Protein chains: 2
Amino acid sequence: MSERFRNYLTSLSTTPLSEEQWDHIMATMRLKIFRKKQYFLQEGDICKYFGFIISGAMRQYRVDDKGVEHIIRLSVEDWWVGDRESWTMLTPSIYNIDAWENTEVLLVTKADLLRLSNAIPAYDEMVRAIIEKYTIAIQKRVNAAISMPAHMRYENFVREYPQLVQRFPQHIIASYLGITKETLSRVRKLYIKQG
Amino acid sequence: MSERFRNYLTSLSTTPLSEEQWDHIMATMRLKIFRKKQYFLQEGDICKYFGFIISGAMRQYRVDDKGVEHIIRLSVEDWWVGDRESWTMLTPSIYNIDAWENTEVLLVTKADLLRLSNAIPAYDEMVRAIIEKYTIAIQKRVNAAISMPAHMRYENFVREYPQLVQRFPQHIIASYLGITKETLSRVRKLYIKQG
DNA sequence: CGAAAATTTGACATGACTCAACTGGAGTGG
DNA sequence: CCACTCCAGTTGAGTCATGTCAAATTTTCG
């Protein structure tokens, strides 16, 4: 079942991974199951774990003063969850993370992640690769957010993340894009018509 | 003069830095001076260097199909410049980077950066610290972009980056925030009045 | 089937954009 | 030192994209 993580790890590294190393990883990371709507992280908490999703889907969001949720990040299988700011700075998070579906997650603490990175070259490579991919992806998102109108951001999103379109309802995606569900609904009507 | 970089490096690492190590770094990184308006990187080029700014200011931006510039990133002393996507993927960049003022930059190639990271623990720590800080900062920017109206984004910006407010004209900052210069002008009028 | 969640639709309000004109430096050259 | 130009910033009028609110409709799922 954690095979999924093994495949992920080896796909992101060039160094081979021995059986002992893998056992070491499995002895360190803990599998936890989150039921739908269960919190992975709540506003005010410090993010002590990062999690690799084996199955399921989660969302990270902020609630503003008016009580509106703003989706910061969506994650499904083979993605990680956690609040990087809280995790690295050890400060209380301003975000919530919860399970949108029942979700299996492999958890790792910061200390364990450092130990694994030091002990296992493949693991270290993976960690670096994740950060690289993440920074590139988020850079694109900033670009889209500041320079594109709603419909273009949506087309962009569908192109970049077709998996997520299937997985989350429109009002969640609208929030992720920084628009209202009504606007997304209208945008889609045109989008579908014109292909 | 490169003392500035030495201070920066040591401030971001816990490991001490020997004189030989420092000499090694200085022998590897190259100082280049960019005159105002000179390109550091042009759309279509592959980003072969990252640069640490010793003095001056640069901007990274995209030009859309209508010819409008969208500021992706602003950098001054003690910040880095470069397009992470092009740099890591070795793909042609969609961005331009140019000098807003005459700017002194310490350049490093990807290969050299890896060599230095492997050879010098302090350097490696610095590189990791940069990425951490960067991802946290950009995460906040996404949050602002998708969940705040123009005036709040500006207040936010002034709070987070007072140095940049001094350094760049308003139309540049407006573009960075994803609004027009006219809107920023109006927003500021209220902002100044109300404190 | 029934309730809750998601989506769509319409009418209206508003924030932000566009375009154009005007003002006010900052730098440059005669 | 003035005249000139370039660039930045402001302002106003009109438009457009998106948000708000409320209701109707469709889908999902227990």
# chains A, B, ... in the order shown; residues from 1 in each chain; ligands from 1

call {"tool": "calpha_fit_and_write", "arguments": {"fixed": "chain B", "moving": "chain A", "output": "PDB file with C-alpha atoms, in the first residue's frame"}}
result
ATOM      1  CA  MET A   1      32.628  44.952  -1.540  1.00  0.00           C
ATOM      2  CA  SER A   2      31.594  41.339  -1.718  1.00  0.00           C
ATOM      3  CA  GLU A   3      31.636  41.602   2.045  1.00  0.00           C
ATOM      4  CA  ARG A   4      27.952  42.087   1.682  1.00  0.00           C
ATOM      5  CA  PHE A   5      27.564  38.567   0.405  1.00  0.00           C
ATOM      6  CA  ARG A   6      29.796  37.206   3.123  1.00  0.00           C
ATOM      7  CA  ASN A   7      27.652  38.779   5.799  1.00  0.00           C
ATOM      8  CA  TYR A   8      24.553  37.454   4.124  1.00  0.00           C
ATOM      9  CA  LEU A   9      25.963  33.968   3.895  1.00  0.00           C
ATOM     10  CA  THR A  10      27.084  33.781   7.493  1.00  0.00           C
ATOM     11  CA  SER A  11      23.810  35.232   8.728  1.00  0.00           C
ATOM     12  CA  LEU A  12      21.936  32.349   7.097  1.00  0.00           C
ATOM     13  CA  SER A  13      24.139  29.517   8.285  1.00  0.00           C
ATOM     14  CA  THR A  14      25.187  28.048  11.601  1.00  0.00           C
ATOM     15  CA  THR A  15      28.355  26.409  10.337  1.00  0.00           C
ATOM     16  CA  PRO A  16      31.450  28.633  10.430  1.00  0.00           C
ATOM     17  CA  LEU A  17      33.061  29.699   7.181  1.00  0.00           C
ATOM     18  CA  SER A  18      36.832  29.382   6.855  1.00  0.00           C
ATOM     19  CA  GLU A  19      39.000  31.784   4.866  1.00  0.00           C
ATOM     20  CA  GLU A  20      39.813  29.120   2.313  1.00  0.00           C
ATOM     21  CA  GLN A  21      36.163  28.356   1.846  1.00  0.00           C
ATOM     22  CA  TRP A  22      35.439  32.000   1.316  1.00  0.00           C
ATOM     23  CA  ASP A  23      38.257  32.297  -1.171  1.00  0.00           C
ATOM     24  CA  HIS A  24      36.863  29.290  -2.970  1.00  0.00           C
ATOM     25  CA  ILE A  25      33.480  30.942  -3.192  1.00  0.00           C
ATOM     26  CA  MET A  26      34.952  34.174  -4.460  1.00  0.00           C
ATOM     27  CA  ALA A  27      37.019  32.330  -7.034  1.00  0.00           C
ATOM     28  CA  THR A  28      33.847  30.675  -8.304  1.00  0.00           C
ATOM     29  CA  MET A  29      31.257  33.422  -8.302  1.00  0.00           C
ATOM     30  CA  ARG A  30      31.745  36.214 -10.773  1.00  0.00           C
ATOM     31  CA  LEU A  31      30.905  39.857 -10.229  1.00  0.00           C
ATOM     32  CA  LYS A  32      29.057  41.507 -13.063  1.00  0.00           C
ATOM     33  CA  ILE A  33      27.733  45.019 -13.340  1.00  0.00           C
ATOM     34  CA  PHE A  34      24.461  45.663 -15.097  1.00  0.00           C
ATOM     35  CA  ARG A  35      23.691  49.154 -16.202  1.00  0.00           C
ATOM     36  CA  LYS A  36      20.218  50.530 -15.802  1.00  0.00           C
ATOM     37  CA  LYS A  37      17.807  48.851 -18.263  1.00  0.00           C
ATOM     38  CA  GLN A  38      20.318  46.181 -19.200  1.00  0.00           C
ATOM     39  CA  TYR A  39      18.899  42.665 -19.405  1.00  0.00           C
ATOM     40  CA  PHE A  40      19.933  40.014 -16.949  1.00  0.00           C
ATOM     41  CA  LEU A  41      17.682  37.548 -18.766  1.00  0.00           C
ATOM     42  CA  GLN A  42      15.545  37.903 -21.857  1.00  0.00           C
ATOM     43  CA  GLU A  43      12.408  36.024 -22.800  1.00  0.00           C
ATOM     44  CA  GLY A  44      13.370  32.910 -24.723  1.00  0.00           C
ATOM     45  CA  ASP A  45      16.773  32.569 -23.086  1.00  0.00           C
ATOM     46  CA  ILE A  46      17.667  29.813 -20.684  1.00  0.00           C
ATOM     47  CA  CYS A  47      18.544  31.098 -17.239  1.00  0.00           C
ATOM     48  CA  LYS A  48      22.120  29.936 -16.759  1.00  0.00           C
ATOM     49  CA  TYR A  49      22.927  32.101 -13.771  1.00  0.00           C
ATOM     50  CA  PHE A  50      21.434  33.028 -10.496  1.00  0.00           C
ATOM     51  CA  GLY A  51      22.665  36.299  -9.123  1.00  0.00           C
ATOM     52  CA  PHE A  52      23.069  37.780  -5.673  1.00  0.00           C
ATOM     53  CA  ILE A  53      22.568  41.527  -5.699  1.00  0.00           C
ATOM     54  CA  ILE A  54      25.358  43.463  -3.997  1.00  0.00           C
ATOM     55  CA  SER A  55      23.858  46.823  -4.874  1.00  0.00           C
ATOM     56  CA  GLY A  56      21.091  48.086  -7.097  1.00  0.00           C
ATOM     57  CA  ALA A  57      17.640  46.828  -8.042  1.00  0.00           C
ATOM     58  CA  MET A  58      16.159  44.519 -10.654  1.00  0.00           C
ATOM     59  CA  ARG A  59      12.743  43.459 -11.830  1.00  0.00           C
ATOM     60  CA  GLN A  60      11.406  40.252 -13.343  1.00  0.00           C
ATOM     61  CA  TYR A  61       8.385  40.559 -15.582  1.00  0.00           C
ATOM     62  CA  ARG A  62       6.310  38.991 -18.304  1.00  0.00           C
ATOM     63  CA  VAL A  63       4.926  40.791 -21.342  1.00  0.00           C
ATOM     64  CA  ASP A  64       1.447  39.607 -22.295  1.00  0.00           C
ATOM     65  CA  ASP A  65      -0.080  39.416 -25.791  1.00  0.00           C
ATOM     66  CA  LYS A  66      -1.306  42.985 -25.480  1.00  0.00           C
ATOM     67  CA  GLY A  67       2.184  44.198 -24.701  1.00  0.00           C
ATOM     68  CA  VAL A  68       1.466  44.900 -21.061  1.00  0.00           C
ATOM     69  CA  GLU A  69       4.234  44.202 -18.564  1.00  0.00           C
ATOM     70  CA  HIS A  70       3.391  42.174 -15.479  1.00  0.00           C
ATOM     71  CA  ILE A  71       5.919  42.390 -12.662  1.00  0.00           C
ATOM     72  CA  ILE A  72       6.596  38.953 -11.233  1.00  0.00           C
ATOM     73  CA  ARG A  73       9.315  39.833  -8.777  1.00  0.00           C
ATOM     74  CA  LEU A  74      11.326  42.784  -7.517  1.00  0.00           C
ATOM     75  CA  SER A  75      14.790  42.426  -6.058  1.00  0.00           C
ATOM     76  CA  VAL A  76      17.244  44.711  -4.268  1.00  0.00           C
ATOM     77  CA  GLU A  77      20.422  44.251  -2.244  1.00  0.00           C
ATOM     78  CA  ASP A  78      20.735  40.909  -0.451  1.00  0.00           C
ATOM     79  CA  TRP A  79      18.164  39.295  -2.723  1.00  0.00           C
ATOM     80  CA  TRP A  80      18.643  36.879  -5.546  1.00  0.00           C
ATOM     81  CA  VAL A  81      17.597  37.181  -9.167  1.00  0.00           C
ATOM     82  CA  GLY A  82      16.939  34.512 -11.730  1.00  0.00           C
ATOM     83  CA  ASP A  83      14.079  32.495 -13.163  1.00  0.00           C
ATOM     84  CA  ARG A  84      13.748  29.350 -11.151  1.00  0.00           C
ATOM     85  CA  GLU A  85      11.701  27.495 -13.721  1.00  0.00           C
ATOM     86  CA  SER A  86      14.110  28.049 -16.578  1.00  0.00           C
ATOM     87  CA  TRP A  87      17.062  27.423 -14.277  1.00  0.00           C
ATOM     88  CA  THR A  88      15.895  24.066 -12.980  1.00  0.00           C
ATOM     89  CA  MET A  89      14.162  22.757 -16.096  1.00  0.00           C
ATOM     90  CA  LEU A  90      16.651  24.208 -18.578  1.00  0.00           C
ATOM     91  CA  THR A  91      13.750  25.542 -20.637  1.00  0.00           C
ATOM     92  CA  PRO A  92      13.509  28.939 -22.363  1.00  0.00           C
ATOM     93  CA  SER A  93      12.202  31.525 -19.952  1.00  0.00           C
ATOM     94  CA  ILE A  94       8.938  33.343 -20.470  1.00  0.00           C
ATOM     95  CA  TYR A  95      10.211  36.214 -18.344  1.00  0.00           C
ATOM     96  CA  ASN A  96      12.505  39.158 -18.695  1.00  0.00           C
ATOM     97  CA  ILE A  97      14.782  40.339 -15.963  1.00  0.00           C
ATOM     98  CA  ASP A  98      16.429  43.716 -16.228  1.00  0.00           C
ATOM     99  CA  ALA A  99      18.209  46.252 -14.081  1.00  0.00           C
ATOM    100  CA  TRP A 100      16.062  49.058 -12.751  1.00  0.00           C
ATOM    101  CA  GLU A 101      19.134  50.775 -11.380  1.00  0.00           C
ATOM    102  CA  ASN A 102      22.800  50.163 -12.059  1.00  0.00           C
ATOM    103  CA  THR A 103      23.304  46.881 -10.277  1.00  0.00           C
ATOM    104  CA  GLU A 104      26.228  44.798  -9.046  1.00  0.00           C
ATOM    105  CA  VAL A 105      25.506  41.089  -9.098  1.00  0.00           C
ATOM    106  CA  LEU A 106      27.465  38.037  -7.998  1.00  0.00           C
ATOM    107  CA  LEU A 107      26.742  35.341 -10.563  1.00  0.00           C
ATOM    108  CA  VAL A 108      26.766  31.600 -10.092  1.00  0.00           C
ATOM    109  CA  THR A 109      25.946  28.777 -12.478  1.00  0.00           C
ATOM    110  CA  LYS A 110      23.910  25.758 -11.482  1.00  0.00           C
ATOM    111  CA  ALA A 111      26.920  23.468 -11.697  1.00  0.00           C
ATOM    112  CA  ASP A 112      29.005  25.777  -9.541  1.00  0.00           C
ATOM    113  CA  LEU A 113      26.224  26.181  -7.046  1.00  0.00           C
ATOM    114  CA  LEU A 114      26.025  22.418  -6.654  1.00  0.00           C
ATOM    115  CA  ARG A 115      29.786  22.168  -6.266  1.00  0.00           C
ATOM    116  CA  LEU A 116      29.868  24.896  -3.663  1.00  0.00           C
ATOM    117  CA  SER A 117      26.952  23.337  -1.810  1.00  0.00           C
ATOM    118  CA  ASN A 118      28.713  20.003  -1.679  1.00  0.00           C
ATOM    119  CA  ALA A 119      32.053  21.447  -0.664  1.00  0.00           C
ATOM    120  CA  ILE A 120      30.939  24.073   1.832  1.00  0.00           C
ATOM    121  CA  PRO A 121      28.324  23.276   4.481  1.00  0.00           C
ATOM    122  CA  ALA A 122      27.631  26.922   5.173  1.00  0.00           C
ATOM    123  CA  TYR A 123      26.879  27.500   1.510  1.00  0.00           C
ATOM    124  CA  ASP A 124      24.549  24.542   1.434  1.00  0.00           C
ATOM    125  CA  GLU A 125      22.713  25.825   4.471  1.00  0.00           C
ATOM    126  CA  MET A 126      22.344  29.187   2.835  1.00  0.00           C
ATOM    127  CA  VAL A 127      20.847  27.686  -0.301  1.00  0.00           C
ATOM    128  CA  ARG A 128      18.310  25.762   1.721  1.00  0.00           C
ATOM    129  CA  ALA A 129      17.445  28.814   3.789  1.00  0.00           C
ATOM    130  CA  ILE A 130      16.855  30.875   0.656  1.00  0.00           C
ATOM    131  CA  ILE A 131      14.422  28.358  -0.737  1.00  0.00           C
ATOM    132  CA  GLU A 132      12.562  28.154   2.545  1.00  0.00           C
ATOM    133  CA  LYS A 133      12.217  31.910   2.781  1.00  0.00           C
ATOM    134  CA  TYR A 134      11.220  32.154  -0.833  1.00  0.00           C
ATOM    135  CA  THR A 135       8.485  29.551  -0.636  1.00  0.00           C
ATOM    136  CA  ILE A 136       7.020  31.150   2.454  1.00  0.00           C
ATOM    137  CA  ALA A 137       7.034  34.592   0.886  1.00  0.00           C
ATOM    138  CA  ILE A 138       5.464  33.469  -2.352  1.00  0.00           C
ATOM    139  CA  GLN A 139       2.822  31.495  -0.502  1.00  0.00           C
ATOM    140  CA  LYS A 140       1.795  34.697   1.246  1.00  0.00           C
ATOM    141  CA  ARG A 141       1.658  36.462  -2.060  1.00  0.00           C
ATOM    142  CA  VAL A 142      -0.697  33.881  -3.499  1.00  0.00           C
ATOM    143  CA  ASN A 143      -2.861  34.177  -0.447  1.00  0.00           C
ATOM    144  CA  ALA A 144      -3.025  37.953  -0.878  1.00  0.00           C
ATOM    145  CA  ALA A 145      -3.648  37.758  -4.611  1.00  0.00           C
ATOM    146  CA  ILE A 146      -6.628  35.424  -4.377  1.00  0.00           C
ATOM    147  CA  SER A 147      -8.250  36.713  -1.224  1.00  0.00           C
ATOM    148  CA  MET A 148      -7.715  40.456  -0.823  1.00  0.00           C
ATOM    149  CA  PRO A 149      -9.023  43.558  -2.573  1.00  0.00           C
ATOM    150  CA  ALA A 150      -6.591  46.077  -4.058  1.00  0.00           C
ATOM    151  CA  HIS A 151      -6.260  48.349  -1.051  1.00  0.00           C
ATOM    152  CA  MET A 152      -5.550  45.498   1.324  1.00  0.00           C
ATOM    153  CA  ARG A 153      -2.930  44.052  -0.988  1.00  0.00           C
ATOM    154  CA  TYR A 154      -1.218  47.412  -1.048  1.00  0.00           C
ATOM    155  CA  GLU A 155      -1.278  47.876   2.728  1.00  0.00           C
ATOM    156  CA  ASN A 156       0.054  44.376   3.012  1.00  0.00           C
ATOM    157  CA  PHE A 157       2.832  45.117   0.576  1.00  0.00           C
ATOM    158  CA  VAL A 158       3.876  48.288   2.378  1.00  0.00           C
ATOM    159  CA  ARG A 159       4.007  46.373   5.636  1.00  0.00           C
ATOM    160  CA  GLU A 160       6.001  43.463   4.244  1.00  0.00           C
ATOM    161  CA  TYR A 161       8.341  45.301   1.901  1.00  0.00           C
ATOM    162  CA  PRO A 162       8.877  48.918   2.938  1.00  0.00           C
ATOM    163  CA  GLN A 163      12.288  48.860   1.214  1.00  0.00           C
ATOM    164  CA  LEU A 164      10.667  48.164  -2.114  1.00  0.00           C
ATOM    165  CA  VAL A 165       8.119  50.961  -1.731  1.00  0.00           C
ATOM    166  CA  GLN A 166      10.977  53.432  -1.558  1.00  0.00           C
ATOM    167  CA  ARG A 167      12.851  51.901  -4.404  1.00  0.00           C
ATOM    168  CA  PHE A 168      10.379  51.397  -7.221  1.00  0.00           C
ATOM    169  CA  PRO A 169       7.871  53.806  -8.782  1.00  0.00           C
ATOM    170  CA  GLN A 170       4.195  53.225  -8.198  1.00  0.00           C
ATOM    171  CA  HIS A 171       3.326  51.882 -11.595  1.00  0.00           C
ATOM    172  CA  ILE A 172       5.813  49.074 -11.058  1.00  0.00           C
ATOM    173  CA  ILE A 173       4.388  48.266  -7.661  1.00  0.00           C
ATOM    174  CA  ALA A 174       0.874  48.401  -9.058  1.00  0.00           C
ATOM    175  CA  SER A 175       1.816  45.824 -11.650  1.00  0.00           C
ATOM    176  CA  TYR A 176       3.422  43.656  -8.986  1.00  0.00           C
ATOM    177  CA  LEU A 177       0.166  43.746  -7.066  1.00  0.00           C
ATOM    178  CA  GLY A 178      -1.895  42.930 -10.142  1.00  0.00           C
ATOM    179  CA  ILE A 179      -3.666  46.294 -10.355  1.00  0.00           C
ATOM    180  CA  THR A 180      -3.372  49.343 -12.609  1.00  0.00           C
ATOM    181  CA  LYS A 181      -1.358  52.424 -11.722  1.00  0.00           C
ATOM    182  CA  GLU A 182      -4.564  54.481 -11.663  1.00  0.00           C
ATOM    183  CA  THR A 183      -6.167  52.173  -9.150  1.00  0.00           C
ATOM    184  CA  LEU A 184      -3.058  52.263  -6.982  1.00  0.00           C
ATOM    185  CA  SER A 185      -3.016  56.030  -7.119  1.00  0.00           C
ATOM    186  CA  ARG A 186      -6.616  56.146  -5.892  1.00  0.00           C
ATOM    187  CA  VAL A 187      -6.041  53.529  -3.259  1.00  0.00           C
ATOM    188  CA  ARG A 188      -3.079  55.458  -1.889  1.00  0.00           C
ATOM    189  CA  LYS A 189      -5.031  58.656  -1.581  1.00  0.00           C
ATOM    190  CA  LEU A 190      -7.391  56.976   0.846  1.00  0.00           C
ATOM    191  CA  TYR A 191      -4.614  55.018   2.496  1.00  0.00           C
ATOM    192  CA  ILE A 192      -2.625  58.144   3.280  1.00  0.00           C
ATOM    193  CA  LYS A 193      -5.672  59.997   4.547  1.00  0.00           C
ATOM    194  CA  GLN A 194      -6.744  57.245   6.922  1.00  0.00           C
ATOM    195  CA  GLY A 195      -3.221  56.188   7.917  1.00  0.00           C
TER     196      GLY A 195
END

call {"tool": "interface_residues", "arguments": {"of": "chain D", "to": "chain B", "cutoff": "8 Å", "atoms": "only C-alpha atoms (C1' of nucleotides)", "output": "PyMOL selection string"}}
result
chain D and resi 8-10

call {"tool": "residues_around", "arguments": {"residues": "C:DG27", "least_positions_apart": "6", "cutoff": "12 Å", "atoms": "only C-alpha atoms (C1' of nucleotides)", "output": "list in words"}}
result
DC4, DT5, DC6 and DC7 of chain D

call {"tool": "interface_residues", "arguments": {"of": "chain C", "to": "chain B", "cutoff": "9 Å", "atoms": "only C-alpha atoms (C1' of nucleotides)", "output": "ChimeraX atom specification"}}
result
/C:15-17

call {"tool": "write_last_selection", "arguments": {"atoms": "C-alpha atoms (C1' of nucleotides)", "output": "PDB file, in the first residue's frame"}}
result
ATOM      1  C1'  DG C  15     -14.568  47.555  -7.687  1.00  0.00           C
ATOM      2  C1'  DA C  16     -11.316  47.854 -10.984  1.00  0.00           C
ATOM      3  C1'  DC C  17     -10.028  48.926 -15.816  1.00  0.00           C
TER       4       DC C  17
END

call {"tool": "residues_around", "arguments": {"residues": "D:DG30", "least_positions_apart": "5", "cutoff": "12 Å", "atoms": "only C-alpha atoms (C1' of nucleotides)", "output": "MDAnalysis selection string"}}
result
chainID C and resid 1:4

call {"tool": "write_last_selection", "arguments": {"atoms": "N, CA and C atoms (P, O5', C5', C4', C3', O3' and C1' of nucleotides)", "output": "mmCIF file, in the first residue's frame"}}
result
data_model
loop_
_atom_site.group_PDB
_atom_site.id
_atom_site.type_symbol
_atom_site.label_atom_id
_atom_site.label_comp_id
_atom_site.auth_asym_id
_atom_site.auth_seq_id
_atom_site.Cartn_x
_atom_site.Cartn_y
_atom_site.Cartn_z
ATOM 1 P P DC C 1 -39.166 8.551 -5.637
ATOM 2 O "O5'" DC C 1 -39.194 8.668 -4.069
ATOM 3 C "C5'" DC C 1 -40.043 7.915 -3.244
ATOM 4 C "C4'" DC C 1 -39.672 8.277 -1.832
ATOM 5 C "C3'" DC C 1 -39.694 9.786 -1.547
ATOM 6 O "O3'" DC C 1 -40.197 9.983 -0.216
ATOM 7 C "C1'" DC C 1 -37.490 8.963 -1.248
ATOM 8 P P DG C 2 -40.595 11.542 0.210
ATOM 9 O "O5'" DG C 2 -39.249 12.091 0.867
ATOM 10 C "C5'" DG C 2 -38.781 11.495 2.067
ATOM 11 C "C4'" DG C 2 -37.492 12.176 2.477
ATOM 12 C "C3'" DG C 2 -37.564 13.705 2.484
ATOM 13 O "O3'" DG C 2 -36.993 14.160 3.696
ATOM 14 C "C1'" DG C 2 -35.751 12.975 1.141
ATOM 15 P P DA C 3 -36.974 15.748 4.063
ATOM 16 O "O5'" DA C 3 -35.393 15.998 4.168
ATOM 17 C "C5'" DA C 3 -34.594 15.058 4.892
ATOM 18 C "C4'" DA C 3 -33.137 15.412 4.696
ATOM 19 C "C3'" DA C 3 -32.840 16.911 4.817
ATOM 20 O "O3'" DA C 3 -31.652 17.074 5.568
ATOM 21 C "C1'" DA C 3 -32.165 16.139 2.692
ATOM 22 P P DA C 4 -31.070 18.546 5.906
ATOM 23 O "O5'" DA C 4 -29.688 18.549 5.126
ATOM 24 C "C5'" DA C 4 -28.869 17.378 5.139
ATOM 25 C "C4'" DA C 4 -27.819 17.521 4.061
ATOM 26 C "C3'" DA C 4 -27.161 18.902 4.033
ATOM 27 O "O3'" DA C 4 -25.762 18.725 4.043
ATOM 28 C "C1'" DA C 4 -28.014 18.329 1.885
#

call {"tool": "select_by_dssp", "arguments": {"residues": "stretch 7-114 of chain B", "states": "helix (DSSP H, G or I)", "output": "VMD selection string"}}
result
chain B and resid 7 to 11 19 to 28 84 to 89 110 to 114

call {"tool": "write_last_selection", "arguments": {"atoms": "N, CA and C atoms", "output": "mmCIF file, in the first residue's frame"}}
result
data_model
loop_
_atom_site.group_PDB
_atom_site.id
_atom_site.type_symbol
_atom_site.label_atom_id
_atom_site.label_comp_id
_atom_site.auth_asym_id
_atom_site.auth_seq_id
_atom_site.Cartn_x
_atom_site.Cartn_y
_atom_site.Cartn_z
ATOM 1 N N ASN B 7 28.558 38.528 4.663
ATOM 2 C CA ASN B 7 27.676 38.762 5.809
ATOM 3 C C ASN B 7 26.354 38.019 5.645
ATOM 4 N N TYR B 8 25.847 38.120 4.429
ATOM 5 C CA TYR B 8 24.581 37.449 4.131
ATOM 6 C C TYR B 8 24.711 35.958 4.363
ATOM 7 N N LEU B 9 25.750 35.395 3.799
ATOM 8 C CA LEU B 9 25.956 33.952 3.888
ATOM 9 C C LEU B 9 26.060 33.509 5.349
ATOM 10 N N THR B 10 26.900 34.174 6.106
ATOM 11 C CA THR B 10 27.087 33.746 7.493
ATOM 12 C C THR B 10 25.822 33.965 8.322
ATOM 13 N N SER B 11 25.045 34.979 7.966
ATOM 14 C CA SER B 11 23.819 35.218 8.728
ATOM 15 C C SER B 11 22.794 34.099 8.504
ATOM 16 N N GLU B 19 38.470 30.805 5.852
ATOM 17 C CA GLU B 19 38.986 31.717 4.843
ATOM 18 C C GLU B 19 39.151 31.020 3.496
ATOM 19 N N GLU B 20 39.617 29.785 3.554
ATOM 20 C CA GLU B 20 39.791 29.055 2.280
ATOM 21 C C GLU B 20 38.443 28.843 1.587
ATOM 22 N N GLN B 21 37.484 28.522 2.410
ATOM 23 C CA GLN B 21 36.153 28.311 1.822
ATOM 24 C C GLN B 21 35.658 29.594 1.166
ATOM 25 N N TRP B 22 35.874 30.682 1.858
ATOM 26 C CA TRP B 22 35.430 31.962 1.319
ATOM 27 C C TRP B 22 36.189 32.285 0.019
ATOM 28 N N ASP B 23 37.469 32.017 0.031
ATOM 29 C CA ASP B 23 38.257 32.248 -1.180
ATOM 30 C C ASP B 23 37.733 31.385 -2.326
ATOM 31 N N HIS B 24 37.403 30.174 -1.989
ATOM 32 C CA HIS B 24 36.858 29.254 -2.987
ATOM 33 C C HIS B 24 35.570 29.832 -3.591
ATOM 34 N N ILE B 25 34.730 30.331 -2.735
ATOM 35 C CA ILE B 25 33.475 30.924 -3.210
ATOM 36 C C ILE B 25 33.757 32.114 -4.122
ATOM 37 N N MET B 26 34.668 32.961 -3.682
ATOM 38 C CA MET B 26 34.971 34.161 -4.463
ATOM 39 C C MET B 26 35.649 33.828 -5.793
ATOM 40 N N ALA B 27 36.357 32.723 -5.801
ATOM 41 C CA ALA B 27 37.003 32.306 -7.049
ATOM 42 C C ALA B 27 35.976 31.741 -8.023
ATOM 43 N N THR B 28 34.863 31.316 -7.475
ATOM 44 C CA THR B 28 33.855 30.668 -8.322
ATOM 45 C C THR B 28 32.785 31.652 -8.814
ATOM 46 N N ARG B 84 13.604 30.696 -11.657
ATOM 47 C CA ARG B 84 13.761 29.360 -11.121
ATOM 48 C C ARG B 84 13.299 28.270 -12.088
ATOM 49 N N GLU B 85 12.224 28.534 -12.791
ATOM 50 C CA GLU B 85 11.714 27.498 -13.703
ATOM 51 C C GLU B 85 12.717 27.199 -14.804
ATOM 52 N N SER B 86 13.161 28.232 -15.481
ATOM 53 C CA SER B 86 14.125 28.055 -16.561
ATOM 54 C C SER B 86 15.418 27.435 -16.034
ATOM 55 N N TRP B 87 15.835 27.894 -14.905
ATOM 56 C CA TRP B 87 17.070 27.430 -14.261
ATOM 57 C C TRP B 87 17.031 25.937 -13.952
ATOM 58 N N THR B 88 15.934 25.486 -13.350
ATOM 59 C CA THR B 88 15.908 24.071 -12.963
ATOM 60 C C THR B 88 15.529 23.154 -14.122
ATOM 61 N N MET B 89 14.634 23.623 -14.990
ATOM 62 C CA MET B 89 14.183 22.753 -16.074
ATOM 63 C C MET B 89 15.027 22.903 -17.339
ATOM 64 N N LYS B 110 24.505 26.882 -12.205
ATOM 65 C CA LYS B 110 23.900 25.778 -11.469
ATOM 66 C C LYS B 110 24.967 24.765 -11.057
ATOM 67 N N ALA B 111 25.849 24.439 -11.985
ATOM 68 C CA ALA B 111 26.906 23.462 -11.690
ATOM 69 C C ALA B 111 27.785 23.954 -10.545
ATOM 70 N N ASP B 112 28.156 25.228 -10.602
ATOM 71 C CA ASP B 112 28.997 25.771 -9.537
ATOM 72 C C ASP B 112 28.264 25.818 -8.206
ATOM 73 N N LEU B 113 26.995 26.142 -8.275
ATOM 74 C CA LEU B 113 26.217 26.180 -7.043
ATOM 75 C C LEU B 113 26.190 24.797 -6.389
ATOM 76 N N LEU B 114 26.023 23.770 -7.200
ATOM 77 C CA LEU B 114 26.019 22.412 -6.656
ATOM 78 C C LEU B 114 27.375 22.072 -6.062
#

call {"tool": "closest_residue", "arguments": {"among": "D:DC1, D:DA22, D:DC29, D:DG14", "to": "C:DT18", "atoms": "only C-alpha atoms (C1' of nucleotides)"}}
result
D:DG14
